[in-house]
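Enquirer: Sharing a structure below in structure tokens format, with a few things to ask.
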Amino acid sequence: MLYDLFSYLDKLDFPGAGIFQYISFRSAMALILSLILSTVTGKKMIRLLQKYQIGESVRDLGLEGQMQKKGTPTMGGVIIVNAILLPVLLLARLSDIYIILMIITTVWLGTLGFIDDYIKVIRKNKDGISGKIKIIAQVGLGLIVGLTIYLSPNVVMRENVEIDRSEGKSEIVYSSAVKSTQTTIPFFKNNNFDYRSLAGFMPKYRTAATWIIFVLFTIFIVTAVSNGANLTDGLDGLAAGSSAIIGVALGILAYVSSHLEYAAYLNIMYIPGAGELSIFASAFIGACVGFLWYNAFPAEVFMGDTGSLTIGGIIAVFAILIHKEFLLPILCGVFLAESLSVMVQVTYFKYTRKKTGVGKRIFKMTPLHHHFQKAGNVGMDALIRYPIAPVPESKLVVRFWLIGIILAVLTIATLKMR
């Protein structure tokens, strides 16, 4: 909105109006505004949740400090969603297809999470939305994103097709703007992977098969990352802090991918128009960091599914739009570890129960962060009992943040580690 206003004023030679043409300025403003919104509105939202007794119900799982969380206001993800949307609506170029898709993602998953929290907290149904409906909604979002990327003429890229070594100089040469199913993969010198290579079994319909495969991958990534963020939201500040770190890395990747000189220097594909995503990333970072004002240990509010599903979906769709989705296993390593710990635990428990009649565990408890919270008593049947003494929650969260920072730096470094 403000972008269009100041663009009009710039045409009238209004002093200073041209500053809104700079993505760096609007990104900084989005970060500041989202921080202010999340911190200022956060207190009012907490009071509102307390007024209507919208608090967390807690089962006693034998974790240190767990029962103290009972009654803490939840559904605080509304704070994050609002602090993202308002700066983006004010400062981003709303005609940009990438911004449109990110707004749809935020509203779509924010609504899904809100309904889930409403059923759990207000209607006192601890199961919330059925898993089937939740998956259908996530698949629906994946379809919207994948098909829009396929059908929209504004979603294009310029591929780094060769290196011109004429006159003793090395220079990246880009193709013209094209629709492409290429994506970046880490560590390899020729670091573009094309989904087309997976469609060789249908030579006559290879183009159609390629896009079908791409859409299926999009659906899987959106579902996996949003659920991974949901599992990570179990300690005060863990999901919000980890997501802010991921947001910084994604913002940097979006900026360099939309800048021809930086893209050429890093030998990565150039994506025209993706620079607007830097503004969304800034709002996302500010919203998550601002939410930590109230969510850091000891938490005054929890984000609930309204927040965790939304931030996971945002990260997934953002990475897909800048063709960096294969970097997510590194960048979202904390989310991945949390998800894998649950899958491995359940699989091993069912296997041992079928073989021996008694189910055994690998971890003391999952998701993974609960493993470190639980005391490793000698009589426990878990294969991994270290650490014996439970790690304090505040220390555990900071350690996960540090791991997230390392993974974020490694993700960006992979662009040159080839």
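Following the order of the structure tokens, first chain is A, next is B, and so on, with residues numbered from 1 inside each chain and ligands from 1 in the order they appear.
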Excluding A:Ile362 and residues on its chain fewer than 4 positions from it, collect all residues at most 7 Å away from it, counting only C-alpha atoms, and give them as a list in words.

Expert: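 The residues that qualify are Gln345, Ala382, Leu383 and Ile384 of chain A.
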
Enquirer: Would you mind exporting C-alpha atoms of the selected residues as a PDB file, in the first residue's frame?

Expert:
```
ATOM      1  CA  GLN A 345      10.893 -43.925  18.101  1.00  0.00           C
ATOM      2  CA  ALA A 382      15.510 -46.457  26.363  1.00  0.00           C
ATOM      3  CA  LEU A 383      18.645 -47.403  24.414  1.00  0.00           C
ATOM      4  CA  ILE A 384      20.011 -43.864  24.787  1.00  0.00           C
TER       5      ILE A 384
END
```

Enquirer: Excluding same-chain residues fewer than 5 positions from stretch 15-19 of chain A, what lies within 12 Å of it counting only C-alpha atoms, as a list in words?

Expert: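 The neighbour list is Leu2, Tyr3, Asp4, Leu5, Phe6, Ser7, Tyr8, Leu9, Asp10, Ser24, Phe25, Arg26, Ser27, Ala28, Met29 and Leu91 of chain A.
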
Enquirer: Can you pull out every residue within 8 Å of A:Gln182, counting only C-alpha atoms, but drop anything in the same chain fewer than 6 positions away, and send it as a list in words?

Expert: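 Contacts, with the query itself left out: Asn192, Phe193, Asp194, Tyr195 and His323 of chain A.
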
Enquirer: Can I get the selection written as a CSV table (one decimal), in the first residue's frame, with N, CA and C atoms?

Expert:
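Output below, filename selection-v6.csv:
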```csv
chain,number,residue,atom,x,y,z
A,192,ASN,N,22.8,-27.2,-9.9
A,192,ASN,CA,21.4,-27.2,-10.3
A,192,ASN,C,20.9,-28.6,-10.5
A,193,PHE,N,19.9,-28.9,-9.8
A,193,PHE,CA,19.2,-30.2,-10.1
A,193,PHE,C,17.9,-29.9,-10.7
A,194,ASP,N,17.6,-30.7,-11.8
A,194,ASP,CA,16.3,-30.5,-12.5
A,194,ASP,C,15.4,-31.6,-12.3
A,195,TYR,N,14.2,-31.3,-11.8
A,195,TYR,CA,13.2,-32.3,-11.6
A,195,TYR,C,12.9,-33.1,-12.9
A,323,HIS,N,13.8,-21.5,-5.1
A,323,HIS,CA,14.4,-22.7,-5.6
A,323,HIS,C,15.6,-23.2,-4.7
```

Enquirer: Counting only C-alpha atoms, which of A:Phe326, A:Phe217, A:Phe335, A:Tyr174 gets nearest to A:Ile268?

Expert: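 Under the stated criterion, the closest residue is A:Tyr174.
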
Enquirer: For A:Thr366, which residue among A:Leu198, A:Leu49, A:Leu231, A:Ile36 is the nearest when counting only C-alpha atoms?

Expert: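 Ranking A:Leu198, A:Leu49, A:Leu231, A:Ile36 by distance to A:Thr366, first place goes to A:Leu231.
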
Enquirer: Do you have the atom CA of A:Leu35-atom CA of A:Phe297 distance handy?

Expert: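 According to the coordinates, atom CA of A:Leu35 and atom CA of A:Phe297 are separated by 18.6 Å.
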
Enquirer: Which one of A:Lys324, A:Arg353, A:Arg47, A:Arg93 sits closest to A:Thr74 if you count only C-alpha atoms?

Expert: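 Closest candidate: A:Arg47.
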
Enquirer: Could you pull the residues within 8 Å of stretch 372-378 of chain A, counting only C-alpha atoms, minus those fewer than 5 positions along the same chain, as a ChimeraX atom specification?

Expert: /A:62-64,364-365,385-393,396

Enquirer: Residues as selected, N, CA and C atoms, written as a CSV table (one decimal), in the first residue's frame, can you do that?

Expert:
```csv
chain,number,residue,atom,x,y,z
A,62,GLY,N,6.3,-36.2,33.6
A,62,GLY,CA,7.5,-36.3,34.4
A,62,GLY,C,8.7,-35.5,34.0
A,63,LEU,N,8.4,-34.4,33.3
A,63,LEU,CA,9.5,-33.5,32.9
A,63,LEU,C,9.6,-32.3,33.9
A,64,GLU,N,10.8,-31.9,34.1
A,64,GLU,CA,11.1,-30.8,35.0
A,64,GLU,C,10.5,-29.5,34.6
A,364,LYS,N,14.6,-41.5,25.5
A,364,LYS,CA,13.8,-41.5,26.7
A,364,LYS,C,12.4,-41.0,26.4
A,365,MET,N,12.3,-40.0,25.5
A,365,MET,CA,11.0,-39.4,25.1
A,365,MET,C,11.2,-38.6,23.9
A,385,ARG,N,20.3,-43.3,27.1
A,385,ARG,CA,19.9,-42.7,28.4
A,385,ARG,C,20.7,-41.4,28.8
A,386,TYR,N,21.6,-41.1,27.9
A,386,TYR,CA,22.4,-39.9,28.2
A,386,TYR,C,21.6,-38.7,27.7
A,387,PRO,N,21.6,-37.6,28.4
A,387,PRO,CA,22.2,-37.3,29.7
A,387,PRO,C,21.4,-37.9,30.8
A,388,ILE,N,22.1,-38.3,31.9
A,388,ILE,CA,21.4,-38.9,33.0
A,388,ILE,C,20.6,-37.8,33.8
A,389,ALA,N,21.2,-36.7,34.0
A,389,ALA,CA,20.5,-35.5,34.7
A,389,ALA,C,19.8,-34.7,33.6
A,390,PRO,N,18.6,-34.3,33.9
A,390,PRO,CA,17.9,-33.5,32.9
A,390,PRO,C,18.5,-32.1,32.7
A,391,VAL,N,18.5,-31.6,31.4
A,391,VAL,CA,19.1,-30.3,31.1
A,391,VAL,C,18.0,-29.3,31.3
A,392,PRO,N,18.4,-28.2,32.1
A,392,PRO,CA,17.4,-27.1,32.3
A,392,PRO,C,16.9,-26.6,31.0
A,393,GLU,N,15.6,-26.2,31.0
A,393,GLU,CA,14.9,-25.8,29.7
A,393,GLU,C,15.6,-24.6,29.1
A,396,LEU,N,18.8,-25.6,27.4
A,396,LEU,CA,18.5,-26.5,26.3
A,396,LEU,C,18.1,-25.7,25.0
```

Enquirer: Work out how far apart atom CA of A:Ala224 and atom CA of A:Gly307 are and give it in Å to one decimal.

Expert: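 These atoms are spaced 15.6 Å apart.
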